[in-house]
Amino acid sequence: MKLNLRVWRQKNAETDGAMASYELDGISPDMSFLEMLDTLNEELIVSGEEPVAFDHDCREGICGACSLVINGDAHGPERTTTCQLHMRSFQDGDTIDIEPWRASAFPVIKDLVVDRTAFDRVIQAGGFITAPTGAAPEAHATPVPKPDADLAFEHAECIGCGACVAACPNGAAMLFTSAKVNHLNVLPQGAPERETRVLDMVAQMDEEGFGGCTLAGECATACPKGIPLMSITSMNKEWLRATRKSKR
Amino acid sequence: MARSFWDSTVGKKIVMGVTGLIMIGYLVVHMMGNAKIFFGADDFNEYGHWLRVVGEPFLHRMWGLWIARVVLLTSVILHAVCAYQLSRRDIKARPQKYVHKKARMSYATRTMRWGGVILGLFIVWHILDLTTGTVHPDGFEDGKPYQNVVDTFSTWYGNVIYIVAMLAMGMHVRHGFWSAAQTIGVGSRTRERVLKATANGLALILTVGFISVPVAVMTGVVS
């Protein structure tokens, strides 16, 4: 396959970036999108140019490290992570635009790499449970109703990649935060911090400079793990409940 | 608690949802009141008079109307202030646009902000036209709402402003009603279809109901 790539190049956080064009030949349709970028980087290194910086780690769709807005879609045209996207999703001769996640809470570090530590701080604010240390408790000690377990698992699938923020027209982190809140709030293990969790995580989310929700639905469309838009509704409900109960 | 509620993006959105629902409730009542115009001038004018004496003798004359006005004005102001503050925040949160743009949101969703501004301006004109009579075409008469309505919709610009605003209102309600349900947390997977259908139904009924009045004047059904 022969491709025309237009890639966002930016030296560092202080300098302005711009789209740069590259022509790439000899791409196999069986390559992953990241392998295609590896190929580009090999060529750039040989010709003495700076390789394109991009995030990646497990390359099997479970870690949440890879990102990239490809032709205007977070993680590209398929509903999966960029590492699990293959070049067979494109045509020979295609022009592909590759941009970093865009949100003021996710500043660009270099080229396609953005700083997603804002998510870590949202997690730190409430994405934990209080559990005694020591040996793991007996698995059946705390019964969890099946529907609750399923709901928790659905939300636990969130890998924190940030595609929801990248796709949201307001740069909002509502889908991410709601996935984390609902995952723990539905379980008995998360019950002691049920109120403080949602209040603290939402407050931290606002503190980081993410936008608000306008129910555009772009986040849930982009999410590689299929976290539903209804997750945000559940979080709103939890937030209202916590506000009523909270003594703060 | 009140402070942290107002400072939160989720709290502000809840304020928007609740005030929005109050205004939708008012729109339904307003549209039903408008329908009286199809039963003749006496019926309509009598209804206009009743609005001033509603609740008597418990409420003094005009009190019912003023209570409604205060509630609505508070709702409009809170709704607009939240919308403005949240929009500023949203724009700041996404300062750089994508080079490769994709428009996927529905028309109703995309036009919420400007649609809201149009509706705000329309309300000002509507009150100056048919409540105070300040910008009313030829001779506003207090207590003769039937004639006043016919006068307004006998001008081309009266019809244009009104119909455009009502289309904007329909769009706003379509996304707004469903959004409000999600924001205040009453949405769920099982209620999703009912809520979407109610939002679309409300938007359609309100739009058709309101537009029927200028259309009736234009076609001579009401004159």
# chains A, B, ... in the order shown; residues from 1 in each chain; ligands from 1
call {"tool": "closest_atom_pairs", "arguments": {"of": "region 91-184 of chain A", "to": "region 226-229 of chain A", "cutoff": "10 Å", "atoms": "only C-alpha atoms", "output": "Markdown table"}}
result
| residue | atom | partner | partner_atom | distance |
| --- | --- | --- | --- | --- |
| A:Glu154 | CA | A:Ile227 | CA | 7.0 |
| A:His155 | CA | A:Ile227 | CA | 6.3 |
| A:Ala156 | CA | A:Ile227 | CA | 9.1 |
| A:Glu157 | CA | A:Ile227 | CA | 7.7 |
| A:Cys158 | CA | A:Ile227 | CA | 7.0 |
| A:Cys164 | CA | A:Ile227 | CA | 9.6 |
| A:Met174 | CA | A:Leu229 | CA | 9.4 |
| A:Leu175 | CA | A:Leu229 | CA | 7.1 |
| A:Phe176 | CA | A:Ile227 | CA | 8.6 |
| A:Ser178 | CA | A:Ile227 | CA | 9.3 |
| A:Ala179 | CA | A:Ile227 | CA | 7.0 |
call {"tool": "interface_residues", "arguments": {"of": "chain B", "to": "chain A", "cutoff": "6 Å", "atoms": "only C-alpha atoms", "output": "list in words"}}
result
Thr9, Arg89, Asp90, Ala93, Arg94, His100, Lys101, Lys102, Gln182, Thr183 and Gly185 of chain B
call {"tool": "write_last_selection", "arguments": {"atoms": "all heavy atoms", "output": "compact mmCIF listing (two decimals), in the first residue's frame"}}
result
# COMPACT_ATOMS: atom_id res chain seq x y z
N THR B 9 -19.35 21.64 37.46
CA THR B 9 -19.95 21.59 36.12
C THR B 9 -21.21 20.73 36.15
O THR B 9 -22.18 21.03 35.46
CB THR B 9 -18.97 20.98 35.09
OG1 THR B 9 -18.49 19.74 35.60
CG2 THR B 9 -17.81 21.90 34.81
N ARG B 89 -16.28 27.67 29.66
CA ARG B 89 -15.42 26.62 30.18
C ARG B 89 -15.13 25.57 29.10
O ARG B 89 -13.99 25.13 28.91
CB ARG B 89 -16.13 25.98 31.37
CG ARG B 89 -15.25 25.16 32.22
CD ARG B 89 -16.03 24.31 33.19
NE ARG B 89 -15.17 23.22 33.59
CZ ARG B 89 -14.29 23.31 34.58
NH1 ARG B 89 -14.21 24.39 35.30
NH2 ARG B 89 -13.47 22.32 34.85
N ASP B 90 -16.21 25.17 28.38
CA ASP B 90 -16.06 24.15 27.35
C ASP B 90 -15.12 24.60 26.23
O ASP B 90 -14.31 23.83 25.73
CB ASP B 90 -17.44 23.83 26.73
CG ASP B 90 -18.37 23.17 27.73
OD1 ASP B 90 -17.89 22.73 28.79
OD2 ASP B 90 -19.58 23.11 27.46
N ALA B 93 -11.66 24.45 27.38
CA ALA B 93 -11.17 23.08 27.55
C ALA B 93 -10.74 22.45 26.23
O ALA B 93 -10.05 21.44 26.21
CB ALA B 93 -12.23 22.22 28.22
N ARG B 94 -11.17 23.02 25.12
CA ARG B 94 -10.80 22.50 23.80
C ARG B 94 -10.34 23.68 22.96
O ARG B 94 -11.03 24.11 22.05
CB ARG B 94 -12.00 21.77 23.17
CG ARG B 94 -11.84 21.40 21.73
CD ARG B 94 -10.67 20.50 21.46
NE ARG B 94 -10.97 19.10 21.70
CZ ARG B 94 -11.80 18.38 20.95
NH1 ARG B 94 -12.40 18.90 19.93
NH2 ARG B 94 -12.00 17.14 21.22
N HIS B 100 -8.48 17.75 10.83
CA HIS B 100 -9.46 16.91 10.13
C HIS B 100 -10.75 16.91 10.94
O HIS B 100 -10.87 16.23 11.94
CB HIS B 100 -8.90 15.48 10.01
CG HIS B 100 -9.66 14.63 9.04
ND1 HIS B 100 -9.11 14.16 7.88
CD2 HIS B 100 -10.94 14.19 9.05
CE1 HIS B 100 -10.01 13.44 7.24
NE2 HIS B 100 -11.13 13.44 7.92
N LYS B 101 -11.71 17.71 10.49
CA LYS B 101 -12.96 17.86 11.25
C LYS B 101 -14.01 16.86 10.80
O LYS B 101 -14.07 16.50 9.63
CB LYS B 101 -13.51 19.28 11.07
CG LYS B 101 -12.68 20.32 11.78
CD LYS B 101 -13.34 21.68 11.67
CE LYS B 101 -12.43 22.78 12.18
NZ LYS B 101 -11.26 22.99 11.32
N LYS B 102 -14.80 16.45 11.74
CA LYS B 102 -15.90 15.55 11.42
C LYS B 102 -17.13 16.02 12.17
O LYS B 102 -17.10 16.12 13.39
CB LYS B 102 -15.55 14.13 11.84
CG LYS B 102 -15.16 13.26 10.67
CD LYS B 102 -15.16 11.81 11.03
CE LYS B 102 -14.76 11.00 9.79
NZ LYS B 102 -14.54 9.61 10.08
N GLN B 182 -31.08 13.08 31.42
CA GLN B 182 -29.78 12.45 31.71
C GLN B 182 -29.08 13.21 32.82
O GLN B 182 -28.43 12.63 33.69
CB GLN B 182 -28.89 12.41 30.47
CG GLN B 182 -29.53 11.86 29.22
CD GLN B 182 -30.18 10.51 29.42
OE1 GLN B 182 -29.68 9.66 30.15
NE2 GLN B 182 -31.32 10.30 28.79
N THR B 183 -29.18 14.54 32.77
CA THR B 183 -28.45 15.38 33.72
C THR B 183 -28.96 15.21 35.14
O THR B 183 -28.17 15.18 36.08
CB THR B 183 -28.55 16.86 33.29
OG1 THR B 183 -28.07 16.96 31.95
CG2 THR B 183 -27.73 17.76 34.19
N GLY B 185 -30.35 12.62 36.17
CA GLY B 185 -30.15 11.22 36.52
C GLY B 185 -31.38 10.34 36.44
O GLY B 185 -31.39 9.26 37.04
call {"tool": "select_by_dssp", "arguments": {"residues": "region 56-228 of chain A", "states": "helix (DSSP H, G or I)", "output": "NGL selection string"}}
result
:A and (82-84 or 87-89 or 117-126 or 146-156 or 163-167 or 174-185 or 188-207 or 218-222)
call {"tool": "atom_distance", "arguments": {"atom1": "CA of Ala203 (chain B)", "atom2": "CA of Gly176 (chain B)"}}
result
9.6 Å
call {"tool": "residues_around", "arguments": {"residues": "Leu206 (chain B)", "least_positions_apart": "4", "cutoff": "8 Å", "atoms": "only C-alpha atoms", "output": "NGL selection string"}}
result
:B and (27-28 or 31 or 170 or 202 or 210)
call {"tool": "write_last_selection", "arguments": {"atoms": "all heavy atoms", "output": "PDB file, in the first residue's frame"}}
result
ATOM      1  N   LEU B  27     -44.172  26.105  28.457  1.00  0.00           N
ATOM      2  CA  LEU B  27     -44.479  26.112  27.018  1.00  0.00           C
ATOM      3  C   LEU B  27     -45.721  25.277  26.705  1.00  0.00           C
ATOM      4  O   LEU B  27     -46.552  25.675  25.878  1.00  0.00           O
ATOM      5  CB  LEU B  27     -43.288  25.571  26.217  1.00  0.00           C
ATOM      6  CG  LEU B  27     -42.095  26.505  26.046  1.00  0.00           C
ATOM      7  CD1 LEU B  27     -40.986  25.792  25.282  1.00  0.00           C
ATOM      8  CD2 LEU B  27     -42.503  27.776  25.310  1.00  0.00           C
ATOM      9  N   VAL B  28     -45.841  24.148  27.377  1.00  0.00           N
ATOM     10  CA  VAL B  28     -47.006  23.279  27.133  1.00  0.00           C
ATOM     11  C   VAL B  28     -48.291  24.028  27.511  1.00  0.00           C
ATOM     12  O   VAL B  28     -49.264  24.060  26.739  1.00  0.00           O
ATOM     13  CB  VAL B  28     -46.876  21.959  27.930  1.00  0.00           C
ATOM     14  CG1 VAL B  28     -48.158  21.144  27.842  1.00  0.00           C
ATOM     15  CG2 VAL B  28     -45.690  21.144  27.428  1.00  0.00           C
ATOM     16  N   MET B  31     -48.951  26.894  25.075  1.00  0.00           N
ATOM     17  CA  MET B  31     -49.459  26.433  23.782  1.00  0.00           C
ATOM     18  C   MET B  31     -50.940  26.061  23.881  1.00  0.00           C
ATOM     19  O   MET B  31     -51.737  26.384  22.989  1.00  0.00           O
ATOM     20  CB  MET B  31     -48.655  25.221  23.322  1.00  0.00           C
ATOM     21  CG  MET B  31     -49.057  24.710  21.953  1.00  0.00           C
ATOM     22  SD  MET B  31     -48.481  23.041  21.669  1.00  0.00           S
ATOM     23  CE  MET B  31     -49.520  22.128  22.777  1.00  0.00           C
ATOM     24  N   GLY B 170     -38.195  24.240  18.901  1.00  0.00           N
ATOM     25  CA  GLY B 170     -38.402  22.800  18.734  1.00  0.00           C
ATOM     26  C   GLY B 170     -37.096  22.027  18.819  1.00  0.00           C
ATOM     27  O   GLY B 170     -36.995  21.013  19.516  1.00  0.00           O
ATOM     28  N   LEU B 202     -42.634  15.925  22.167  1.00  0.00           N
ATOM     29  CA  LEU B 202     -42.819  17.255  22.757  1.00  0.00           C
ATOM     30  C   LEU B 202     -42.378  18.344  21.786  1.00  0.00           C
ATOM     31  O   LEU B 202     -43.084  19.332  21.568  1.00  0.00           O
ATOM     32  CB  LEU B 202     -41.966  17.383  24.028  1.00  0.00           C
ATOM     33  CG  LEU B 202     -42.637  17.229  25.379  1.00  0.00           C
ATOM     34  CD1 LEU B 202     -41.603  17.355  26.474  1.00  0.00           C
ATOM     35  CD2 LEU B 202     -43.725  18.283  25.565  1.00  0.00           C
ATOM     36  N   PHE B 210     -47.479  25.929  18.272  1.00  0.00           N
ATOM     37  CA  PHE B 210     -47.215  27.372  18.272  1.00  0.00           C
ATOM     38  C   PHE B 210     -47.315  27.960  16.864  1.00  0.00           C
ATOM     39  O   PHE B 210     -47.869  29.027  16.664  1.00  0.00           O
ATOM     40  CB  PHE B 210     -45.838  27.670  18.876  1.00  0.00           C
ATOM     41  CG  PHE B 210     -45.850  27.662  20.386  1.00  0.00           C
ATOM     42  CD1 PHE B 210     -45.176  26.689  21.106  1.00  0.00           C
ATOM     43  CD2 PHE B 210     -46.551  28.637  21.093  1.00  0.00           C
ATOM     44  CE1 PHE B 210     -45.195  26.677  22.494  1.00  0.00           C
ATOM     45  CE2 PHE B 210     -46.572  28.639  22.486  1.00  0.00           C
ATOM     46  CZ  PHE B 210     -45.896  27.653  23.186  1.00  0.00           C
TER      47      PHE B 210
END
